[in-house]
Structures are given as structure tokens and as C-alpha cells.
$ cat data.pdb   # PDB, C-alpha atoms
ATOM      1  CA  ILE Y   1       1.806  11.484  -5.042
ATOM      2  CA  LYS Y   2      -0.774   8.702  -4.899
ATOM      3  CA  PHE Y   3      -0.338   4.944  -4.937
ATOM      4  CA  SER Y   4      -2.438   1.835  -5.387
ATOM      5  CA  LEU Y   5      -1.446  -1.677  -4.265
ATOM      6  CA  GLU Y   6      -3.599  -4.504  -5.626
ATOM      7  CA  TYR Y   7      -3.658  -7.900  -3.886
ATOM      8  CA  GLU Y   8      -5.139 -11.325  -4.554
ATOM      9  CA  THR Y   9      -6.665 -11.488  -1.058
ATOM     10  CA  PRO Y  10      -7.194  -8.959   1.747
ATOM     11  CA  PHE Y  11      -4.302 -10.442   3.768
ATOM     12  CA  TRP Y  12      -4.415  -7.539   6.235
ATOM     13  CA  ARG Y  13      -7.917  -8.558   7.325
ATOM     14  CA  GLU Y  14      -6.766 -12.167   7.755
ATOM     15  CA  HIS Y  15      -4.203 -10.824  10.249
ATOM     16  CA  GLY Y  16      -6.809  -8.750  12.096
ATOM     17  CA  TYR Y  17      -5.957  -5.340  10.595
ATOM     18  CA  SER Y  18      -8.338  -2.844   9.014
ATOM     19  CA  GLY Y  19      -5.984  -1.828   6.208
ATOM     20  CA  ALA Y  20      -6.056   1.818   7.248
ATOM     21  CA  ALA Y  21      -2.812   3.476   8.297
ATOM     22  CA  PHE Y  22      -1.531   6.968   9.003
ATOM     23  CA  SER Y  23       2.046   8.079   9.595
ATOM     24  CA  GLN Y  24       4.028  11.286   9.896
ATOM     25  CA  SER Y  25       7.422   9.579   9.736
ATOM     26  CA  SER Y  26       7.152   6.962   6.959
ATOM     27  CA  ILE Y  27       6.718   7.193   3.203
ATOM     28  CA  CYS Y  28       2.985   6.471   3.357
ATOM     29  CA  SER Y  29       1.260   9.345   5.118
ATOM     30  CA  GLU Y  30      -2.283   8.053   4.610
ATOM     31  CA  MET Y  31      -3.676   4.691   3.480
ATOM     32  CA  PRO Y  32      -7.365   3.674   3.564
ATOM     33  CA  ASP Y  33      -8.740   0.288   2.489
ATOM     34  CA  PRO Y  34     -11.127   0.847  -0.460
ATOM     35  CA  SER Y  35     -11.593  -2.874  -1.230
ATOM     36  CA  ASN Y  36     -15.053  -3.691  -2.539
ATOM     37  CA  GLU Y  37     -17.700  -5.394  -0.418
ATOM     38  CA  ASP Y  38     -18.250  -8.433  -2.638
ATOM     39  CA  GLY Y  39     -14.663  -9.605  -2.148
ATOM     40  CA  THR Y  40     -13.554  -9.492  -5.772
ATOM     41  CA  PHE Y  41     -11.118  -6.571  -5.528
ATOM     42  CA  HIS Y  42      -8.544  -6.069  -2.771
ATOM     43  CA  ASP Y  43      -6.674  -2.821  -2.868
ATOM     44  CA  LEU Y  44      -4.811  -0.434  -0.603
ATOM     45  CA  LYS Y  45      -4.516   3.146  -1.796
ATOM     46  CA  GLY Y  46      -2.949   6.166  -0.292
ATOM     47  CA  CYS Y  47      -0.744   9.201  -0.402
ATOM     48  CA  VAL Y  48       3.031   9.173  -0.379
ATOM     49  CA  ASN Y  49       5.040  11.641   1.663
ATOM     50  CA  PRO Y  50       5.901  14.601  -0.627
ATOM     51  CA  GLY Y  51       9.525  14.306   0.487
ATOM     52  CA  SER Y  52       9.820  11.266  -1.796
ATOM     53  CA  ALA Y  53       9.072  13.318  -4.936
ATOM     54  CA  THR Y  54      12.688  13.068  -6.080
ATOM     55  CA  TRP Y  55      12.913   9.308  -5.466
ATOM     56  CA  THR Y  56      12.760   6.741  -8.273
ATOM     57  CA  GLN Y  57       9.704   4.504  -8.692
ATOM     58  CA  ASP Y  58      11.703   1.563  -7.320
ATOM     59  CA  GLU Y  59      12.751   3.537  -4.239
ATOM     60  CA  ARG Y  60       9.118   4.453  -3.541
ATOM     61  CA  LYS Y  61       7.963   0.874  -4.119
ATOM     62  CA  ASN Y  62      10.599  -0.561  -1.772
ATOM     63  CA  ALA Y  63       9.807   2.008   0.922
ATOM     64  CA  LEU Y  64       6.040   1.374   0.666
ATOM     65  CA  LEU Y  65       6.395  -2.393   0.871
ATOM     66  CA  SER Y  66       8.873  -2.100   3.733
ATOM     67  CA  GLN Y  67       6.381   0.026   5.660
ATOM     68  CA  LEU Y  68       3.564  -2.481   5.040
ATOM     69  CA  VAL Y  69       5.742  -5.389   6.177
ATOM     70  CA  LYS Y  70       6.517  -3.461   9.355
ATOM     71  CA  TYR Y  71       2.800  -2.719   9.944
ATOM     72  CA  CYS Y  72       1.484  -6.166   9.124
ATOM     73  CA  CYS Y  73       3.514  -9.035   7.660
ATOM     74  CA  GLN Y  74       5.719 -10.309   4.830
ATOM     75  CA  THR Y  75       2.573 -11.136   2.845
ATOM     76  CA  ALA Y  76       2.534  -7.461   1.804
ATOM     77  CA  CYS Y  77       5.338  -8.343  -0.620
ATOM     78  CA  SER Y  78       4.511 -11.925  -1.549
ATOM     79  CA  GLN Y  79       0.872 -11.360  -2.592
ATOM     80  CA  LEU Y  80       1.334  -8.067  -4.454
ATOM     81  CA  LEU Y  81      -0.329  -8.288  -7.878
ATOM     82  CA  LYS Y  82       0.127  -4.722  -9.091
ATOM     83  CA  LEU Y  83       1.600  -1.431  -7.877
ATOM     84  CA  LEU Y  84       0.747   1.892  -9.437
ATOM     85  CA  ILE Y  85       2.354   5.165  -8.347
ATOM     86  CA  VAL Y  86       0.919   8.342  -9.836
ATOM     87  CA  CYS Y  87       2.798  11.606  -9.473
ATOM     88  CA  GLY Y  88       0.660  14.716  -9.417
ATOM     89  CA  VAL Y  89       1.674  18.095 -10.754
TER      90      VAL Y  89
END
$ encode --input "data.pdb" --output "C-alpha cells"
Amino acid sequence: IKFSLEYETPFWREHGYSGAAFSQSSICSEMPDPSNEDGTFHDLKGCVNPGSATWTQDERKNALLSQLVKYCCQTACSQLLKLLIVCGV
């Protein structure tokens, strides 16, 4: 299951973080920062723990944002422009 979080600004960089995260115990198992170099697109993408396959979209969204708040700051919720969760087969 993949996800994409689109933001107005790269708030994680403003707080001194790279945007990359890895976890074996949270919903997000892997999250790189594929934002573009010219500063016009700020996005975090990653893979969701397969154990959340039976969760609703809202449950996944809440768990993802909760994890980002724990890693960085409340801005993870307040600046979110768009969330896309794609379930693979």
C-alpha cells in the first residue's frame, strides 16, 4: 500500500529534518522525500505497513499523520494539501 502526502511547503526541512523515515513498528514502514529541486512541489511518499490492509482510509490517514506529528511537528496536519493512499493488489 503506497501513500503520497502533498504539502504547501517542505515544513520538515524548516525543522531540520530530511523527510526520510523508516520504521518497523509504525504504520509507515518507509518514507523518502521526493520533493523537486526547484521548490514548486513538496511531497512525502512511502509504503504503509501491510498490517493496515484491512483498515479504512480514514484510519490509515489518522495513523500516518499521527506518526508524522510524532517524528516532526503538528505542521504535518495543518499544512496538508492532499493525501492519496493507493492499495495494490
$ residues_around --input "data.pdb" --residues "Y:Cys72" --least-positions-apart "6" --cutoff "12 Å" --atoms "all atoms listed in the file" --output "NGL selection string"
:Y and (10-21 or 65-66)
$ atom_distance --input "data.pdb" --atom1 "atom CA of Y:Trp55" --atom2 "atom CA of Y:Pro34"
26.0 Å
$ resolve_selection --input "data.pdb" --expression "the PyMOL selection byres ((chain Y and resi 5-7) around 7)" --output "short mmCIF file (atom, residue, chain, number, x, y, z; two decimals) with C-alpha atoms, keeping the file's coordinate frame"
data_model
loop_
_atom_site.label_atom_id
_atom_site.label_comp_id
_atom_site.auth_asym_id
_atom_site.auth_seq_id
_atom_site.Cartn_x
_atom_site.Cartn_y
_atom_site.Cartn_z
CA PHE Y 3 -0.34 4.94 -4.94
CA SER Y 4 -2.44 1.84 -5.39
CA GLU Y 8 -5.14 -11.32 -4.55
CA THR Y 9 -6.66 -11.49 -1.06
CA PRO Y 10 -7.19 -8.96 1.75
CA HIS Y 42 -8.54 -6.07 -2.77
CA ASP Y 43 -6.67 -2.82 -2.87
CA LEU Y 44 -4.81 -0.43 -0.60
CA LYS Y 45 -4.52 3.15 -1.80
CA GLN Y 79 0.87 -11.36 -2.59
CA LEU Y 80 1.33 -8.07 -4.45
CA LEU Y 81 -0.33 -8.29 -7.88
CA LYS Y 82 0.13 -4.72 -9.09
CA LEU Y 83 1.60 -1.43 -7.88
CA LEU Y 84 0.75 1.89 -9.44
#
$ atom_distance --input "data.pdb" --atom1 "atom CA of Y:Val86" --atom2 "atom CA of Y:Asp38"
26.5 Å
$ resolve_selection --input "data.pdb" --expression "the PyMOL selection byres ((chain Y and resi 28) around 9)" --output "PyMOL selection string"
chain Y and resi 21-27+29-31+46-49+63-64+67
$ atom_distance --input "data.pdb" --atom1 "atom CA of Y:Ala76" --atom2 "atom CA of Y:Asn36"
18.5 Å
$ build_atoms --input "data.pdb" --residues "stretch 43-55 of chain Y" --atoms "N, CA, C and O atoms" --output "PDB file, in the frame of the given file"
ATOM      1  N   ASP Y  43      -7.553  -3.914  -2.492  1.00  0.00           N
ATOM      2  CA  ASP Y  43      -6.674  -2.821  -2.868  1.00  0.00           C
ATOM      3  C   ASP Y  43      -6.373  -1.951  -1.648  1.00  0.00           C
ATOM      4  O   ASP Y  43      -7.231  -1.773  -0.786  1.00  0.00           O
ATOM      5  N   LEU Y  44      -5.172  -1.456  -1.588  1.00  0.00           N
ATOM      6  CA  LEU Y  44      -4.811  -0.434  -0.603  1.00  0.00           C
ATOM      7  C   LEU Y  44      -4.353   0.771  -1.405  1.00  0.00           C
ATOM      8  O   LEU Y  44      -3.543   0.653  -2.323  1.00  0.00           O
ATOM      9  N   LYS Y  45      -4.885   1.915  -1.095  1.00  0.00           N
ATOM     10  CA  LYS Y  45      -4.516   3.146  -1.796  1.00  0.00           C
ATOM     11  C   LYS Y  45      -4.075   4.159  -0.763  1.00  0.00           C
ATOM     12  O   LYS Y  45      -4.402   4.053   0.407  1.00  0.00           O
ATOM     13  N   GLY Y  46      -3.347   5.141  -1.231  1.00  0.00           N
ATOM     14  CA  GLY Y  46      -2.949   6.166  -0.292  1.00  0.00           C
ATOM     15  C   GLY Y  46      -2.111   7.256  -0.908  1.00  0.00           C
ATOM     16  O   GLY Y  46      -1.958   7.343  -2.124  1.00  0.00           O
ATOM     17  N   CYS Y  47      -1.576   8.071  -0.024  1.00  0.00           N
ATOM     18  CA  CYS Y  47      -0.744   9.201  -0.402  1.00  0.00           C
ATOM     19  C   CYS Y  47       0.669   8.981   0.126  1.00  0.00           C
ATOM     20  O   CYS Y  47       0.856   8.531   1.250  1.00  0.00           O
ATOM     21  N   VAL Y  48       1.620   9.318  -0.728  1.00  0.00           N
ATOM     22  CA  VAL Y  48       3.031   9.173  -0.379  1.00  0.00           C
ATOM     23  C   VAL Y  48       3.546  10.513   0.129  1.00  0.00           C
ATOM     24  O   VAL Y  48       3.154  11.573  -0.358  1.00  0.00           O
ATOM     25  N   ASN Y  49       4.419  10.451   1.107  1.00  0.00           N
ATOM     26  CA  ASN Y  49       5.040  11.641   1.663  1.00  0.00           C
ATOM     27  C   ASN Y  49       5.656  12.467   0.533  1.00  0.00           C
ATOM     28  O   ASN Y  49       6.420  11.935  -0.272  1.00  0.00           O
ATOM     29  N   PRO Y  50       5.368  13.770   0.453  1.00  0.00           N
ATOM     30  CA  PRO Y  50       5.901  14.601  -0.627  1.00  0.00           C
ATOM     31  C   PRO Y  50       7.434  14.651  -0.654  1.00  0.00           C
ATOM     32  O   PRO Y  50       8.023  14.957  -1.684  1.00  0.00           O
ATOM     33  N   GLY Y  51       8.069  14.321   0.449  1.00  0.00           N
ATOM     34  CA  GLY Y  51       9.525  14.306   0.487  1.00  0.00           C
ATOM     35  C   GLY Y  51      10.134  13.265  -0.432  1.00  0.00           C
ATOM     36  O   GLY Y  51      11.318  13.327  -0.761  1.00  0.00           O
ATOM     37  N   SER Y  52       9.316  12.310  -0.901  1.00  0.00           N
ATOM     38  CA  SER Y  52       9.820  11.266  -1.796  1.00  0.00           C
ATOM     39  C   SER Y  52       9.655  11.643  -3.269  1.00  0.00           C
ATOM     40  O   SER Y  52       9.864  10.819  -4.147  1.00  0.00           O
ATOM     41  N   ALA Y  53       9.317  12.880  -3.557  1.00  0.00           N
ATOM     42  CA  ALA Y  53       9.072  13.318  -4.936  1.00  0.00           C
ATOM     43  C   ALA Y  53      10.292  13.143  -5.833  1.00  0.00           C
ATOM     44  O   ALA Y  53      10.147  12.920  -7.034  1.00  0.00           O
ATOM     45  N   THR Y  54      11.471  13.203  -5.271  1.00  0.00           N
ATOM     46  CA  THR Y  54      12.688  13.068  -6.080  1.00  0.00           C
ATOM     47  C   THR Y  54      13.189  11.625  -6.150  1.00  0.00           C
ATOM     48  O   THR Y  54      14.178  11.355  -6.814  1.00  0.00           O
ATOM     49  N   TRP Y  55      12.509  10.716  -5.465  1.00  0.00           N
ATOM     50  CA  TRP Y  55      12.913   9.308  -5.466  1.00  0.00           C
ATOM     51  C   TRP Y  55      12.506   8.647  -6.781  1.00  0.00           C
ATOM     52  O   TRP Y  55      11.566   9.078  -7.448  1.00  0.00           O
TER      53      TRP Y  55
END
